[in-house]
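K.L.:
Sharing a structure here in structure tokens format.
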Amino acid sequence: MKRSAVKPSSHPDRAPGMSWRDYLCMLLGIGAEIEHAQLVQYLFAAYSLGGDQVPAAKRHEVRRWQDMLLTIAREEMGHLVSVQNLLTLVGGPVCFNRRNIPFDTDYFPFPFQLRALDMETITRYVYAEMPPEMPSDASAEDVRVANAVVRRLKVPESAGRVHHVGTLYEKLIELVGDESRIPDETFRAGTYGAQASFAEWGKGYMPETAATLANPSLDPKLRRPYGRDAVAMEDRKATVVVAQMATRTDALAGLRQIAAQGEAPHLAAANVDSGDEPSHFDRFAEIWRGIEARDAARKPWAYARDVAANPTANPDLRRSPRHSWIESETSRSWAQLFNLRYRMALMWMTFWFRLSGGDSGAASRRLRGMVLHRIFGEMYNMKTCAGILVRSPLTADRADPRRAGPPFEMPYTLVLPESDADCWVFHRELLRESTSLCADLLRADRAPDSARALTVMQAVDSQGIEWIDRVLAGLGAGREGVRR
Amino acid sequence: MKARRIRELRILPPLAIGRQGSSPRMMDNYTLEDDPADPTGFRRIVPAETLVVDDATGEIRESFVPAEIAFKDDGKFRRVAPFLEVFAVLDPAAGSQPDGDLVPLTEDLLDENGLSLADVEWSVHVANRKVARRTGDEEDTVTAKTGWFRHHDPVALDGHCPHFVKDGKVGFGSVRFIRPNERFPGLRLRFTPATGLIYGPKKPVEFDDPGQYVPPPELRVYGKGNWPGFEVPPAIDSDEFPGKPREYWNDTLPPSLFAIVPPAPPWLYGNAAKSRGFLDDTCDGIVEVRLRGKGLSAAARVTSGPPMVIPDSLFVRTLADDLDQVLFGPEVPADEPPEVTRARAEDIVRRAFETVRFLNVEVMNGNDVDGRPALLFDTMPYEEAADTQRPGRPIMSPETADTAAVLALHQQVYTALRSGAAPWFARLLRRPEEAADYTDAGRRKMPALMIGGDNNYLALTYRMIDTIGKAARAQPFEGPIDPTSSAEPKAPAAPALTPRNRSAQLHYAAAGNPVSSRIETSISNCCPGLEVDFRAVWRRMLEGLVLREYDSLVVDVESDRPALKRLHRHRLQRIGGIPTTAVMRGPNTLDPDDSATVPYEGNPHGLAPLEWSNALAHLLWKSVGKKVVCDFSAAEEWYVPTPWNEKTSISVELTVRPFFEPGTVVISRALAQPGELTQGLCSPWQNDYRECSCYYWASARPDFVNVEVTREGRSTGDNWMQIERSGKYVPDDYMDARLVDYDRLFHDWEKWLRVQLRGRDAPGEAK
């Protein structure tokens, strides 16, 4: 397939008064936002899959699609964190921000939208993660999918609407590699320890060490795990890249590693073997083929729940044609709870990098270990709320089959207060708000799964509040955070 | 009405646990329930109907529900004395079940079958083989046999031993055939364990320590054998004698798990371990009942062990998990209702955080402690460093290792599960065959920080792993939520107690028995264990051979199979093609993303034995009663194992023995004789609470108690073994005088095993 016909769109150039380092930080900020946006969209699509209408014979396939989407989302999370590491390395501000729905820039692969998985969304995902030029050794099937995707998106007519993420990474690699614009002193090797590491953030998502397969007592014919969870072993092929960097060389390697994993496989370092890990393109293409087959079936079956696009709990958007207002009060409360937990996750991540800063003392560095657990805890809480939301009604009309979904609405700010004590007070307030929302929901939502989750969430939040009380006491701050 | 003809008998529960204590009062009945108001909190201890046996008549005089549950009286533990009930399998023609009803045996039923109470006979045979297991001398077995009896008086379980002094005995407790009455007509026997005395040699082993425990004269019963002063031949596990060939010895693991002449523990002092000749008064064995003249009989097992010191928490892997795997196989059946699987998945996660709660995660992770190197303290990273002879290193990032934080994370996982979200962490569970994966990725798998029955990192059973996997596979296909309806999905009916429902029999809760008598409260990552050394049950799984409980060495050949004598001291390398060992893999020192085999001088192939319970799970399920091809090492290799070699290994077809007695869930007598299920445990068991650290059984032998969060946001608390409660954790290093030592435990174990309620010292225990 020849893709050279697709003209690259224009990208923001360095503005007057902007240093090259500043420009690099801006591009990295855009990169972070792209990774964040993709992560969120893939998660939304993954959560939309399933439902009790999926025929029993198709459930294995749907589960596999969901696993693949979640795996890619995890890997995007690794990319997002790696970009923060690079920002830290060059002395830029970490960036977990993201604009709300819908938005578009020249670097974005496609306009951001939260949509249940369907042919249109998967087509965009395939396009965004496919190489600009299909390699000469690509299989005929891959080429067929790629061509079909291009046809569906009406490329090049839509050029400028749907792009490759790799374009940004090409620019970043070019800039970081240019000593004349980004001199060596830009790279602050001393921040290495303050950056996120795989040990802390990777959660074990790395290639297996093949301990089982190394066993010489295992008959070659039996070189597979026992039992039927070979699928789980397949899932172990996920690789979360968390690139820690000290030098320009590390930075380039990190960027290439991220690019190679998904957005721009053609940018991979020549000497890096990705092993048998399927690329994002491979995974999306498999889902694409599955949906294509389903669409062609005599009796198409529904693989996703009827989740509303771009759900919102923001009253200002209740009449927005691009949003789906969550009219059901109970579902809207869940959406607000989801947004709150999303906000907490983002705030904790931002705070983690603050605590990791080069000037932070040993106590701060110890606390960041605790904060890391809270970050992952919030991810579990988001999963809880999202799982409830995709099963909950969008409207109060019982005949309306549409379901709500996780809105992923950004808070008004992710900027932290200046003092650590105020940050802790802020986190505690969010926990208190969550407890209050849980209490309201417990009164409103009588569904057993909801009640079971809410009671535990409340209990864990109460412990979190007590924990922050202790930390604040240690900081010499009173219960309201004012330093004594 | 058709006559209810008795076809078979059963005793339920099939395995009952007695727990020791010296209070004259028996433990009241209680059960554990979730607290709806505190779903991540401790389990609620709920008093239940307690049966009171009349000392004079032997009948149940009354029952009552206590207002609250006391675990000690005046500092003395109440014993857990379980009842074992007799059930009759009726002729199908008379009942509702196609395979006949399973009903309590009563005098009325006896009468219907032309029998009376006088036709019911009991026999109990228990033993303590701990000393015999170490010395290899069968004359060191302490045995109590009641013979058949019909009366309702207590029958003492007096343990006798050829090596005891004249009239010397060890009291294992007693049994009593409870006289049925109108209110409690069912036939039952009560097993009352001993109080927890420590016996010793007629002539105490002398050494210079004024604080030492010396058994009082009436407990100095051991006279003739070699137990006092016994030493494991040092050459089996050390290189301290250059030129001296390693000596074959069928040692246990750990090899010196008994009270020794100080200094202890032996591995800190050149592996010198000289026995003080102590014995305890625990036992295990068989209870039988029969109906005279009818040829009907049934059996069950009893065992006795230490009290539960954390009665409101359960361990992540219990004996019930392992027995369920034997009974149902390593996989969850496809037709199990999803809500049942999900509930079990939730329970596993709950037990995981109940276990984490009592681990000082920061220390157990292998972090340095207040600047002191981590290798000073006994932890799983230390164990790994010793096994692989490589430098120790923390398991997870040191900054993230904190009990309260890790606990909260587990609880958030629990939140998600309870909402119906799919368990997404199946891939992070350690698979049993990966237990010796010492790469960072391998060591960080769950469950973390703890040891398994094979001395490697603890894995769950295959069945538990598949439970999590199946719960995940059932997702994401939950139906829509209706916020206006609180209707629960229709719960499947509780499985009926029928002759065919062996699960219901295995988990049967007999009237009056506290939950602590049940297999759900017995730890199973036996290395070696507290109530039962579950490793021991696999030794005779293959007809004709006796294997060592902890690895693949053939230590004996049954006398009726002389042709197998050639396999003595060889290694069983594979069964049905399944390896009995794993390869120890560690990080590649040149490439942190790669791994390498971890060989060392004493183990050049880097082979680590795998625990039988999981290693045999797939085979056992398919091959009971069938022949399987077993591959053995070409030569004797009792010390250095080698991997299977297609060209040289010896292949023999052997028959897999049934695990349970026919039609029942009683562990087969062909697999373990009385005393063999506890023979690998510590002698005396009190020694083990000092010898083993909490990474063995955190929620049975806790480490971290009275935990609070510091002003630095980190967890702090007391070491459970700390003499003075200060809130400042004293790391467990065996030599610190601030910790309870061996002899304190021997003198007054009931004082030092402090009961924990809601994670804190129970009232009165802190002193």
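To be explicit about the labels: the chains of the structure tokens are called A, B, and onward in the order shown, and within each one the residues are counted from 1, while ligands get numbers from 1 in the order they are shown.
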Range 378-470 of chain B near range 362-366 of chain A within 10 Å: what's each residue's closest atom pair and its distance in Å to one decimal, counting only C-alpha atoms, ordered by chain then ascending residue number, as a tab-separated table?
P.N.:
```
residue	atom	partner	partner_atom	distance
B:Pro398	CA	A:Arg366	CA	8.7
B:Glu399	CA	A:Arg366	CA	5.2
B:Thr400	CA	A:Arg366	CA	7.6
B:Ala401	CA	A:Arg366	CA	9.4
B:Asp402	CA	A:Arg366	CA	9.7
```
K.L.:
Write out, as JSON lines, each residue of chain B that has an atom at most 7 Å from chain A, together with the closest pair of atoms and their distance in Å to one decimal, counting only C-alpha atoms, rows going by chain and rising number.
P.N.:
```
{"residue": "B:Asp38", "atom": "CA", "partner": "A:Ala459", "partner_atom": "CA", "distance": 6.6}
{"residue": "B:Pro39", "atom": "CA", "partner": "A:Val456", "partner_atom": "CA", "distance": 5.7}
{"residue": "B:Thr40", "atom": "CA", "partner": "A:Val456", "partner_atom": "CA", "distance": 6.3}
{"residue": "B:Met396", "atom": "CA", "partner": "A:Ala199", "partner_atom": "CA", "distance": 6.9}
{"residue": "B:Ser397", "atom": "CA", "partner": "A:Glu200", "partner_atom": "CA", "distance": 6.1}
{"residue": "B:Glu399", "atom": "CA", "partner": "A:Gly369", "partner_atom": "CA", "distance": 4.7}
{"residue": "B:Thr400", "atom": "CA", "partner": "A:Gly369", "partner_atom": "CA", "distance": 4.0}
{"residue": "B:Ala405", "atom": "CA", "partner": "A:Met370", "partner_atom": "CA", "distance": 5.8}
{"residue": "B:Val406", "atom": "CA", "partner": "A:His373", "partner_atom": "CA", "distance": 6.9}
{"residue": "B:Ala408", "atom": "CA", "partner": "A:Val460", "partner_atom": "CA", "distance": 6.6}
{"residue": "B:Leu409", "atom": "CA", "partner": "A:Gly377", "partner_atom": "CA", "distance": 5.3}
{"residue": "B:Gln411", "atom": "CA", "partner": "A:Val460", "partner_atom": "CA", "distance": 6.9}
{"residue": "B:Gln412", "atom": "CA", "partner": "A:Gly377", "partner_atom": "CA", "distance": 5.7}
{"residue": "B:Val413", "atom": "CA", "partner": "A:Tyr380", "partner_atom": "CA", "distance": 6.2}
{"residue": "B:Thr415", "atom": "CA", "partner": "A:Ala453", "partner_atom": "CA", "distance": 5.1}
{"residue": "B:Ala416", "atom": "CA", "partner": "A:Thr384", "partner_atom": "CA", "distance": 4.6}
{"residue": "B:Arg418", "atom": "CA", "partner": "A:Ala453", "partner_atom": "CA", "distance": 5.3}
{"residue": "B:Ser419", "atom": "CA", "partner": "A:Asp449", "partner_atom": "CA", "distance": 4.7}
{"residue": "B:Gly420", "atom": "CA", "partner": "A:Asp449", "partner_atom": "CA", "distance": 6.2}
{"residue": "B:Ala421", "atom": "CA", "partner": "A:Gly387", "partner_atom": "CA", "distance": 5.9}
{"residue": "B:Ala426", "atom": "CA", "partner": "A:Ala232", "partner_atom": "CA", "distance": 7.0}
{"residue": "B:Arg427", "atom": "CA", "partner": "A:Ala232", "partner_atom": "CA", "distance": 5.8}
{"residue": "B:Glu433", "atom": "CA", "partner": "A:Thr212", "partner_atom": "CA", "distance": 6.3}
{"residue": "B:Glu434", "atom": "CA", "partner": "A:Ala211", "partner_atom": "CA", "distance": 6.1}
{"residue": "B:Asp437", "atom": "CA", "partner": "A:Ala211", "partner_atom": "CA", "distance": 5.9}
{"residue": "B:Ala441", "atom": "CA", "partner": "A:Gly204", "partner_atom": "CA", "distance": 5.4}
{"residue": "B:Pro476", "atom": "CA", "partner": "A:Gly50", "partner_atom": "CA", "distance": 5.1}
{"residue": "B:Phe477", "atom": "CA", "partner": "A:Gly51", "partner_atom": "CA", "distance": 4.2}
{"residue": "B:Glu478", "atom": "CA", "partner": "A:Asp52", "partner_atom": "CA", "distance": 5.6}
{"residue": "B:Gly479", "atom": "CA", "partner": "A:Asp52", "partner_atom": "CA", "distance": 4.9}
{"residue": "B:Pro480", "atom": "CA", "partner": "A:Arg391", "partner_atom": "CA", "distance": 4.4}
{"residue": "B:Ile481", "atom": "CA", "partner": "A:Ser392", "partner_atom": "CA", "distance": 5.1}
{"residue": "B:Asp482", "atom": "CA", "partner": "A:Ala447", "partner_atom": "CA", "distance": 6.2}
{"residue": "B:Pro483", "atom": "CA", "partner": "A:Asp445", "partner_atom": "CA", "distance": 4.6}
{"residue": "B:Thr484", "atom": "CA", "partner": "A:Arg446", "partner_atom": "CA", "distance": 5.6}
{"residue": "B:Ser485", "atom": "CA", "partner": "A:Ala447", "partner_atom": "CA", "distance": 5.5}
{"residue": "B:Ser486", "atom": "CA", "partner": "A:Ala447", "partner_atom": "CA", "distance": 4.7}
{"residue": "B:Glu488", "atom": "CA", "partner": "A:Pro448", "partner_atom": "CA", "distance": 6.2}
{"residue": "B:Gly577", "atom": "CA", "partner": "A:Asp219", "partner_atom": "CA", "distance": 6.6}
{"residue": "B:Ile578", "atom": "CA", "partner": "A:Leu218", "partner_atom": "CA", "distance": 6.7}
{"residue": "B:Pro579", "atom": "CA", "partner": "A:Ser217", "partner_atom": "CA", "distance": 5.6}
{"residue": "B:Ala582", "atom": "CA", "partner": "A:Asn215", "partner_atom": "CA", "distance": 6.2}
{"residue": "B:Val583", "atom": "CA", "partner": "A:Asn215", "partner_atom": "CA", "distance": 5.4}
{"residue": "B:Arg585", "atom": "CA", "partner": "A:Ala211", "partner_atom": "CA", "distance": 6.1}
{"residue": "B:Asp594", "atom": "CA", "partner": "A:Thr209", "partner_atom": "CA", "distance": 6.8}
{"residue": "B:Ser595", "atom": "CA", "partner": "A:Thr209", "partner_atom": "CA", "distance": 6.0}
{"residue": "B:Pro643", "atom": "CA", "partner": "A:Ser217", "partner_atom": "CA", "distance": 5.4}
{"residue": "B:Trp644", "atom": "CA", "partner": "A:Ser217", "partner_atom": "CA", "distance": 4.7}
{"residue": "B:Val709", "atom": "CA", "partner": "A:Trp467", "partner_atom": "CA", "distance": 6.6}
{"residue": "B:Thr710", "atom": "CA", "partner": "A:Arg470", "partner_atom": "CA", "distance": 6.4}
{"residue": "B:Arg711", "atom": "CA", "partner": "A:Gly474", "partner_atom": "CA", "distance": 4.0}
{"residue": "B:Glu712", "atom": "CA", "partner": "A:Val471", "partner_atom": "CA", "distance": 5.5}
{"residue": "B:Gly713", "atom": "CA", "partner": "A:Val471", "partner_atom": "CA", "distance": 5.0}
```
K.L.:
May I have all residues of range 231-350 of chain B that DSSP, computed from the backbone, assigns to strand (DSSP E or B), given as a list in words?
P.N.:
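Selection result, strand (DSSP E or B) within range 231-350 of chain B: Glu231, Phe258, Ile260, Lys274, Ser275, Leu279, Asp280, Asp284, Gly285, Ile286, Val287, Glu288, Val289, Arg290, Leu291, Leu296, Ser297, Ala298, Ala299, Ala300, Arg301, Val302, Thr303, Ser304, Gly305 and Thr318 of chain B.
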K.L.:
Hey, can you check how far CA of Ala37 in chain B sits from CA of Leu314 in chain B?
P.N.:
19.1 Å
K.L.:
So how far away is CA of Trp685 in chain B from CA of Ala737 in chain B, in Å?
P.N.:
21.2 Å
K.L.:
Which residues come within 9 Å of Phe177 in chain B, counting only C-alpha atoms, excluding same-chain residues fewer than 3 positions away, as a list in words?
P.N.:
Gly58, Glu59, Glu121, Trp122, Phe149, Arg150, His151, His152, Asp153, Pro154, Val155, Pro180, Leu187, Arg188, Leu189 and Arg190 of chain B
K.L.:
With N, CA and C atoms retained, could you export that selection as a compact mmCIF listing (two decimals), in the first residue's frame?
P.N.:
```txt
# COMPACT_ATOMS: atom_id res chain seq x y z
N GLY B 58 -22.12 -38.02 80.43
CA GLY B 58 -21.61 -38.08 79.06
C GLY B 58 -22.63 -37.69 78.02
N GLU B 59 -23.75 -37.14 78.46
CA GLU B 59 -24.71 -36.67 77.46
C GLU B 59 -24.64 -35.14 77.37
N GLU B 121 -19.82 -49.18 68.30
CA GLU B 121 -18.48 -49.25 68.90
C GLU B 121 -17.56 -48.23 68.23
N TRP B 122 -16.68 -47.70 69.06
CA TRP B 122 -15.71 -46.72 68.56
C TRP B 122 -14.29 -47.23 68.80
N PHE B 149 -14.61 -49.55 72.00
CA PHE B 149 -15.34 -49.29 73.25
C PHE B 149 -16.75 -48.82 72.92
N ARG B 150 -17.63 -49.04 73.88
CA ARG B 150 -19.05 -48.71 73.64
C ARG B 150 -19.61 -47.75 74.69
N HIS B 151 -18.88 -47.57 75.77
CA HIS B 151 -19.42 -46.81 76.90
C HIS B 151 -19.33 -45.30 76.64
N HIS B 152 -19.81 -44.55 77.60
CA HIS B 152 -19.89 -43.09 77.42
C HIS B 152 -18.97 -42.34 78.38
N ASP B 153 -18.04 -43.06 78.96
CA ASP B 153 -17.05 -42.40 79.82
C ASP B 153 -15.90 -41.86 78.97
N PRO B 154 -15.20 -40.86 79.48
CA PRO B 154 -14.03 -40.39 78.72
C PRO B 154 -13.00 -41.50 78.60
N VAL B 155 -12.40 -41.58 77.43
CA VAL B 155 -11.33 -42.56 77.22
C VAL B 155 -10.04 -41.78 76.96
N PRO B 180 -26.47 -40.21 73.54
CA PRO B 180 -27.57 -39.46 72.93
C PRO B 180 -28.73 -39.30 73.90
N LEU B 187 -25.75 -39.57 67.12
CA LEU B 187 -24.58 -40.21 67.73
C LEU B 187 -23.34 -39.42 67.37
N ARG B 188 -22.51 -39.21 68.36
CA ARG B 188 -21.31 -38.41 68.11
C ARG B 188 -20.23 -38.75 69.12
N LEU B 189 -19.03 -38.39 68.73
CA LEU B 189 -17.88 -38.58 69.62
C LEU B 189 -17.18 -37.24 69.75
N ARG B 190 -16.68 -36.99 70.93
CA ARG B 190 -15.94 -35.73 71.11
C ARG B 190 -14.46 -36.03 71.30
```
K.L.:
Going by DSSP on the backbone, which bits of range 425-542 of chain B are helix (DSSP H, G or I)? Write them as a PyMOL selection string, please.
P.N.:
chain B and resi 426-428+432-434+440-443+462-473+502-506+515-517+519-521+534-538
